[in-house]
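**Q** So I've got this file, input-v1.txt, and it contains compact mmCIF, C-alpha atoms:
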# COMPACT_ATOMS: atom_id res chain seq x y z
CA ASN A 1 89.54 100.61 108.68
CA ALA A 2 91.32 97.33 109.19
CA GLY A 3 90.71 94.63 106.66
CA VAL A 4 89.83 91.02 107.28
CA MET A 5 92.34 89.53 109.69
CA GLN A 6 93.35 85.93 109.86
CA ASN A 7 95.67 84.20 112.27
CA PRO A 8 97.92 82.49 112.36
CA ARG A 9 99.32 83.19 108.89
CA HIS A 10 101.24 79.93 108.91
CA LEU A 11 100.40 76.83 110.92
CA VAL A 12 102.27 73.56 111.07
CA ARG A 13 100.62 70.50 112.57
CA ARG A 14 101.54 66.86 112.80
CA ARG A 15 99.11 64.25 111.55
CA GLY A 16 96.41 63.62 114.13
CA GLN A 17 96.62 67.03 115.80
CA GLU A 18 93.94 69.70 115.76
CA ALA A 19 94.14 72.95 113.77
CA ARG A 20 92.24 76.10 114.74
CA LEU A 21 92.10 78.93 112.25
CA ARG A 22 90.75 82.33 113.22
CA CYS A 23 89.10 85.03 111.17
CA SER A 24 88.12 88.51 112.31
CA PRO A 25 85.83 90.13 109.75
CA MET A 26 85.99 93.76 108.76
CA LYS A 27 84.32 96.14 111.16
CA GLY A 28 80.59 96.18 110.55
CA HIS A 29 80.56 92.92 108.59
CA SER A 30 78.28 90.19 109.90
CA HIS A 31 78.77 87.56 107.17
CA VAL A 32 81.80 85.27 107.03
CA TYR A 33 82.84 82.77 104.36
CA TRP A 34 85.60 80.17 104.44
CA TYR A 35 87.36 78.91 101.31
CA ARG A 36 90.13 76.40 100.80
CA GLN A 37 92.82 76.62 98.15
CA LEU A 38 94.75 73.47 97.40
CA PRO A 39 98.15 73.87 95.71
CA GLU A 40 97.84 75.10 92.13
CA GLU A 41 94.02 75.11 92.32
CA GLY A 42 91.28 77.66 92.64
CA LEU A 43 89.42 78.43 95.80
CA LYS A 44 86.65 76.08 96.88
CA PHE A 45 83.79 77.26 99.06
CA MET A 46 83.52 75.55 102.43
CA VAL A 47 81.03 77.33 104.66
CA TYR A 48 79.03 80.54 105.03
CA LEU A 49 78.14 81.84 108.48
CA GLN A 50 76.33 84.74 110.05
CA LYS A 51 76.57 85.56 113.73
CA GLU A 52 75.70 82.36 115.67
CA ASN A 53 74.29 80.68 112.54
CA ILE A 54 75.61 78.39 109.83
CA ILE A 55 73.83 79.40 106.62
CA ASP A 56 75.46 77.10 104.08
CA GLU A 57 77.93 74.33 104.86
CA SER A 58 77.59 72.48 101.57
CA GLY A 59 81.34 72.64 100.93
CA MET A 60 82.48 71.33 104.28
CA PRO A 61 83.87 67.80 104.49
CA LYS A 62 81.46 65.63 106.45
CA GLU A 63 83.97 64.65 109.10
CA ARG A 64 86.65 66.41 111.16
CA PHE A 65 85.78 69.93 109.99
CA SER A 66 83.61 72.41 111.86
CA ALA A 67 83.08 76.16 111.88
CA GLU A 68 81.53 78.71 114.17
CA PHE A 69 80.97 82.44 114.30
CA PRO A 70 79.98 83.34 117.85
CA LYS A 71 78.19 86.46 118.97
CA GLU A 72 81.46 87.82 120.29
CA GLY A 73 84.91 87.11 118.89
CA PRO A 74 86.31 85.77 115.65
CA SER A 75 85.04 83.02 113.42
CA ILE A 76 86.85 79.73 113.96
CA LEU A 77 87.49 76.95 111.46
CA ARG A 78 88.44 73.80 113.32
CA ILE A 79 90.03 70.74 111.77
CA GLN A 80 90.35 67.71 114.01
CA GLN A 81 92.85 64.89 113.47
CA VAL A 82 94.52 66.58 110.53
CA VAL A 83 95.85 64.55 107.61
CA ARG A 84 98.38 65.46 104.92
CA GLY A 85 95.56 66.18 102.46
CA ASP A 86 94.40 69.04 104.68
CA SER A 87 97.54 70.99 103.77
CA ALA A 88 96.24 74.05 101.95
CA ALA A 89 95.66 77.77 102.21
CA TYR A 90 92.45 78.64 104.02
CA PHE A 91 90.93 81.99 103.23
CA CYS A 92 88.26 83.85 105.08
CA ALA A 93 86.09 86.54 103.50
CA SER A 94 83.52 88.87 105.01
CA SER A 95 80.69 91.02 103.75
CA PRO A 96 78.24 93.46 105.31
CA SER A 97 74.58 92.53 105.62
CA ASP A 98 73.53 94.99 102.89
CA SER A 99 76.05 94.00 100.22
CA TYR A 100 77.24 90.77 98.69
CA GLU A 101 80.75 91.96 97.93
CA GLN A 102 83.25 89.77 99.75
CA TYR A 103 86.55 91.03 101.14
CA PHE A 104 89.26 88.46 101.61
CA GLY A 105 91.81 88.04 104.35
CA PRO A 106 95.47 87.12 103.70
CA GLY A 107 94.85 83.45 104.43
CA THR A 108 96.27 80.81 106.77
CA ARG A 109 98.67 78.36 105.21
CA LEU A 110 98.32 75.01 106.94
CA THR A 111 101.06 72.43 106.57
CA VAL A 112 100.51 68.94 107.93
CA THR A 113 103.68 66.94 108.46
CA GLY B 1 75.89 72.76 89.13
CA ASP B 2 77.39 76.19 88.67
CA SER B 3 80.93 76.31 87.32
CA VAL B 4 83.58 78.60 85.89
CA THR B 5 86.08 77.60 83.21
CA GLN B 6 89.18 79.66 82.82
CA MET B 7 91.94 79.80 80.28
CA GLU B 8 94.73 77.57 81.47
CA GLY B 9 98.05 79.12 82.27
CA PRO B 10 100.68 79.99 82.80
CA VAL B 11 100.66 83.01 80.52
CA THR B 12 103.86 84.90 79.86
CA LEU B 13 103.84 88.24 78.06
CA SER B 14 106.25 91.06 77.41
CA GLU B 15 105.63 94.42 79.00
CA GLU B 16 103.14 96.58 77.04
CA ALA B 17 101.59 93.56 75.33
CA PHE B 18 97.83 93.08 75.03
CA LEU B 19 96.28 90.68 77.52
CA THR B 20 93.23 88.46 77.22
CA ILE B 21 92.30 85.81 79.78
CA ASN B 22 89.23 83.84 78.76
CA CYS B 23 86.48 82.94 81.20
CA THR B 24 83.18 81.16 80.54
CA TYR B 25 80.56 80.10 83.02
CA THR B 26 77.63 77.78 83.58
CA ALA B 27 74.92 78.85 85.99
CA THR B 28 71.33 77.93 86.73
CA GLY B 29 70.25 81.53 87.27
CA TYR B 30 71.55 85.03 86.52
CA PRO B 31 74.91 85.32 88.20
CA SER B 32 77.08 88.27 89.06
CA LEU B 33 80.58 87.88 87.65
CA PHE B 34 83.94 88.84 89.14
CA TRP B 35 87.64 88.92 88.48
CA TYR B 36 89.92 88.59 91.50
CA VAL B 37 93.70 88.98 91.57
CA GLN B 38 96.10 87.24 93.95
CA TYR B 39 99.62 88.53 94.38
CA PRO B 40 102.28 86.16 95.76
CA GLY B 41 101.69 85.28 99.39
CA GLU B 42 98.57 87.42 99.67
CA GLY B 43 94.82 87.00 99.72
CA LEU B 44 92.46 87.76 96.89
CA GLN B 45 91.59 91.30 95.88
CA LEU B 46 88.52 92.17 93.88
CA LEU B 47 89.66 93.55 90.54
CA LEU B 48 86.32 94.21 88.84
CA LYS B 49 82.76 92.99 88.67
CA ALA B 50 79.59 93.04 86.57
CA THR B 51 76.13 92.25 87.85
CA LYS B 52 74.02 91.97 84.70
CA ALA B 53 74.25 91.25 81.00
CA ASP B 54 76.20 93.78 78.89
CA ASP B 55 77.67 95.46 81.97
CA LYS B 56 81.35 96.29 81.67
CA GLY B 57 83.52 96.15 84.74
CA SER B 58 86.77 98.10 84.73
CA ASN B 59 89.62 98.91 87.10
CA LYS B 60 93.34 99.72 86.82
CA GLY B 61 93.21 99.44 83.02
CA PHE B 62 91.56 96.01 83.10
CA GLU B 63 88.13 95.47 81.55
CA ALA B 64 85.62 92.65 81.21
CA THR B 65 82.16 92.61 79.64
CA TYR B 66 79.35 90.33 80.81
CA ARG B 67 78.21 88.47 77.67
CA LYS B 68 75.09 86.48 78.36
CA GLU B 69 74.80 85.11 74.82
CA THR B 70 78.23 83.50 75.00
CA THR B 71 78.22 83.03 78.82
CA SER B 72 81.61 84.72 78.95
CA PHE B 73 83.47 87.34 80.98
CA HIS B 74 86.90 87.65 79.37
CA LEU B 75 89.50 89.84 81.07
CA GLU B 76 91.46 92.30 78.89
CA LYS B 77 94.13 94.93 79.29
CA GLY B 78 95.64 96.95 76.51
CA SER B 79 99.18 97.29 77.85
CA VAL B 80 100.39 95.12 80.69
CA GLN B 81 103.08 96.04 83.21
CA VAL B 82 105.50 93.94 85.23
CA SER B 83 103.43 94.79 88.32
CA ASP B 84 100.45 92.96 86.79
CA SER B 85 102.21 89.63 87.36
CA ALA B 86 99.85 87.65 89.59
CA VAL B 87 97.23 84.90 89.52
CA TYR B 88 93.84 85.94 88.17
CA PHE B 89 90.61 84.20 89.15
CA CYS B 90 87.24 84.45 87.44
CA ALA B 91 84.27 83.84 89.74
CA LEU B 92 80.49 83.93 89.85
CA SER B 93 77.81 84.21 92.49
CA LEU B 94 74.07 83.83 92.27
CA PHE B 95 73.40 85.92 95.37
CA ASP B 96 70.24 84.08 96.27
CA PHE B 97 69.43 84.02 99.96
CA GLY B 98 71.49 81.25 101.50
CA ASN B 99 73.54 80.91 98.32
CA GLU B 100 75.93 83.81 98.41
CA LYS B 101 79.03 81.74 97.88
CA LEU B 102 81.56 82.49 95.15
CA THR B 103 82.37 79.78 92.63
CA PHE B 104 85.90 80.20 91.28
CA GLY B 105 87.77 79.09 88.20
CA THR B 106 91.12 77.41 88.65
CA GLY B 107 93.09 80.61 88.15
CA THR B 108 95.50 81.83 85.47
CA ARG B 109 99.06 82.68 86.44
CA LEU B 110 100.31 85.70 84.51
CA THR B 111 103.96 86.65 84.27
CA ILE B 112 105.05 89.87 82.60
CA ILE B 113 108.69 90.13 81.53
CA PRO B 114 110.41 93.50 81.04
Since I need it in another form, could you write the structure as C-alpha cells?

**A**
Amino acid sequence: NAGVMQNPRHLVRRRGQEARLRCSPMKGHSHVYWYRQLPEEGLKFMVYLQKENIIDESGMPKERFSAEFPKEGPSILRIQQVVRGDSAAYFCASSPSDSYEQYFGPGTRLTVT
Amino acid sequence: GDSVTQMEGPVTLSEEAFLTINCTYTATGYPSLFWYVQYPGEGLQLLLKATKADDKGSNKGFEATYRKETTSFHLEKGSVQVSDSAVYFCALSLFDFGNEKLTFGTGTRLTIIP
C-alpha cells in the first residue's frame, strides 16, 4: 500500500512565478491536510480538505495561496507570485474518513530565488 | 488558542543514555497528544500517541504518558541509539468536526553520539 505521495520533491521558482504542489493521499483516504515548515521551525497548519470541499482554511495566507482536492486526481496547493518568504517545506498528510490519524508525505521543498 | 511548548534543542547524548524531551500543552478542550519523528530529508512519522488522560503511548522503546494535571506529554527512552538521531515533534489535536488539524511544537533536534 503506497504511502502519501508528493511531487515534485524539490521545486525552484523565481520571484513572481507560480508554484504548484501535488499530493496524492493514501489509497482509501478522503481527507487531506497541508502544513508548512519554515527553516528550523515546527509545522504550521494551512488547510484541511475533503473531496471537493475546503473544511478549514484558517492557516492559509489570505492572498496568493489556494488549495483544491478535486473528485478525481491529487490535491493541489497553488502559490501565485511567489516571494522569498514562501521558501519552505510543504507537507501533505491524509487520513481515512473513520480515523483521525494523519499520515505524512515526504514533503516538497520550495526554494524561491 | 491551542499551543504546544517543547523543550528547546539541540540535545546531544551519548549512546545508551536516558532521554527525556519535555512537552506541555494548552488546549480549550480535551486533546489527543502525539509524538512525531522526522529523519533528515524525510516527512514526519507518527511515533506514539495517547487519546485520554493517564494513557501511555509507547513504540520502539519510547514512551510518553498523558498527564492532564500538569498538561504534559514528556517523551522518554531508557537507552538511546545512534539511529534515534532525528527531530522530534510534540503535537495535539482536538478532533472536533472541522477542527482536525494538528498543532505542533517547534521540534527538538536530537543527536546521539557513539

**Q** Compute the set of chain A residues within 8 Å of chain B, using all atoms listed in the file, and express it as a ChimeraX atom specification.

**A** /A:33,40-45,48,55-56,91,100,103-107

**Q** Leaving out B:Leu47 and any residue of its chain fewer than 2 positions from it, which residues lie within 7 Å of it when counting all atoms listed in the file, given as a list of chain:residue names?

**A**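 That gives B:Trp35, B:Tyr36, B:Val37, B:Gln45, B:Asn59.
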
**Q** Please compute the atom CA of A:Gln37-atom CA of B:Ile113 distance, one decimal, in Å.

**A** 26.7 Å

**Q** Neighbouring residues of A:His29 were defined as those with any atom within 6 Å, considering only C-alpha atoms; residues of the same chain fewer than 2 positions away were excluded. Please report them as a list in words.

**A**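 The residues that qualify are Met26, Lys27, His31, Ser95 and Pro96 of chain A.
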
**Q** Write a file of the selected residues as a PDB file, in the coordinates of the input, keeping C-alpha atoms.

**A**
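Listed below is the output, result-v7.pdb:
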ATOM      1  CA  MET A  26      85.990  93.760 108.760  1.00  0.00           C
ATOM      2  CA  LYS A  27      84.320  96.140 111.160  1.00  0.00           C
ATOM      3  CA  HIS A  31      78.770  87.560 107.170  1.00  0.00           C
ATOM      4  CA  SER A  95      80.690  91.020 103.750  1.00  0.00           C
ATOM      5  CA  PRO A  96      78.240  93.460 105.310  1.00  0.00           C
TER       6      PRO A  96
END

**Q** Quote the spacing between atom CA of A:Gly16 and atom CA of A:Val83 in Å to one decimal place.

**A**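 The value is 6.6 Å.
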
**Q** Pick from A:Pro39, A:Leu110, A:Arg22, A:Asn7: nearest to A:Phe69, with all atoms listed in the file counted?

**A**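 The answer is A:Arg22, which sits nearest to A:Phe69.
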
**Q** Rounded to one decimal, what separation in Å do you get between atom CA of B:Pro40 and atom CA of A:Gln102?

**A**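 Interatomic distance, atom CA of B:Pro40 to atom CA of A:Gln102: 19.8 Å.
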
**Q** With 12 Å as the threshold, what does the neighbourhood of (90.2, 85.4, 79.7) contain in terms of residues, counting only C-alpha atoms? Coordinates are those of the file; answer as a PyMOL selection string.

**A** chain B and resi 4-9+11+18-25+34-35+62-66+72-77+88-91+105+107-110

**Q** For C-alpha atoms, I'd like the residues from the last selection saved as an mmCIF file, keeping the file's coordinate frame.

**A**
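Contents of the output file part-v3.cif:
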data_model
loop_
_atom_site.group_PDB
_atom_site.id
_atom_site.type_symbol
_atom_site.label_atom_id
_atom_site.label_comp_id
_atom_site.auth_asym_id
_atom_site.auth_seq_id
_atom_site.Cartn_x
_atom_site.Cartn_y
_atom_site.Cartn_z
ATOM 1 C CA VAL B 4 83.580 78.600 85.890
ATOM 2 C CA THR B 5 86.080 77.600 83.210
ATOM 3 C CA GLN B 6 89.180 79.660 82.820
ATOM 4 C CA MET B 7 91.940 79.800 80.280
ATOM 5 C CA GLU B 8 94.730 77.570 81.470
ATOM 6 C CA GLY B 9 98.050 79.120 82.270
ATOM 7 C CA VAL B 11 100.660 83.010 80.520
ATOM 8 C CA PHE B 18 97.830 93.080 75.030
ATOM 9 C CA LEU B 19 96.280 90.680 77.520
ATOM 10 C CA THR B 20 93.230 88.460 77.220
ATOM 11 C CA ILE B 21 92.300 85.810 79.780
ATOM 12 C CA ASN B 22 89.230 83.840 78.760
ATOM 13 C CA CYS B 23 86.480 82.940 81.200
ATOM 14 C CA THR B 24 83.180 81.160 80.540
ATOM 15 C CA TYR B 25 80.560 80.100 83.020
ATOM 16 C CA PHE B 34 83.940 88.840 89.140
ATOM 17 C CA TRP B 35 87.640 88.920 88.480
ATOM 18 C CA PHE B 62 91.560 96.010 83.100
ATOM 19 C CA GLU B 63 88.130 95.470 81.550
ATOM 20 C CA ALA B 64 85.620 92.650 81.210
ATOM 21 C CA THR B 65 82.160 92.610 79.640
ATOM 22 C CA TYR B 66 79.350 90.330 80.810
ATOM 23 C CA SER B 72 81.610 84.720 78.950
ATOM 24 C CA PHE B 73 83.470 87.340 80.980
ATOM 25 C CA HIS B 74 86.900 87.650 79.370
ATOM 26 C CA LEU B 75 89.500 89.840 81.070
ATOM 27 C CA GLU B 76 91.460 92.300 78.890
ATOM 28 C CA LYS B 77 94.130 94.930 79.290
ATOM 29 C CA TYR B 88 93.840 85.940 88.170
ATOM 30 C CA PHE B 89 90.610 84.200 89.150
ATOM 31 C CA CYS B 90 87.240 84.450 87.440
ATOM 32 C CA ALA B 91 84.270 83.840 89.740
ATOM 33 C CA GLY B 105 87.770 79.090 88.200
ATOM 34 C CA GLY B 107 93.090 80.610 88.150
ATOM 35 C CA THR B 108 95.500 81.830 85.470
ATOM 36 C CA ARG B 109 99.060 82.680 86.440
ATOM 37 C CA LEU B 110 100.310 85.700 84.510
#

**Q** For A:Ser87, which residue among A:Leu38, A:Ser66, A:Glu18, A:Ser58 is the nearest when counting all atoms listed in the file?

**A**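 Ranked by minimum distance to A:Ser87, first place goes to A:Leu38.
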
**Q** Taking (84.5, 77.3, 104.6) in the file's coordinates as the center, which residues reach within 8 Å of it, counting only C-alpha atoms, put as an NGL selection string?

**A** :A and (33-36 or 45-48 or 57 or 59-60 or 67 or 77 or 92)
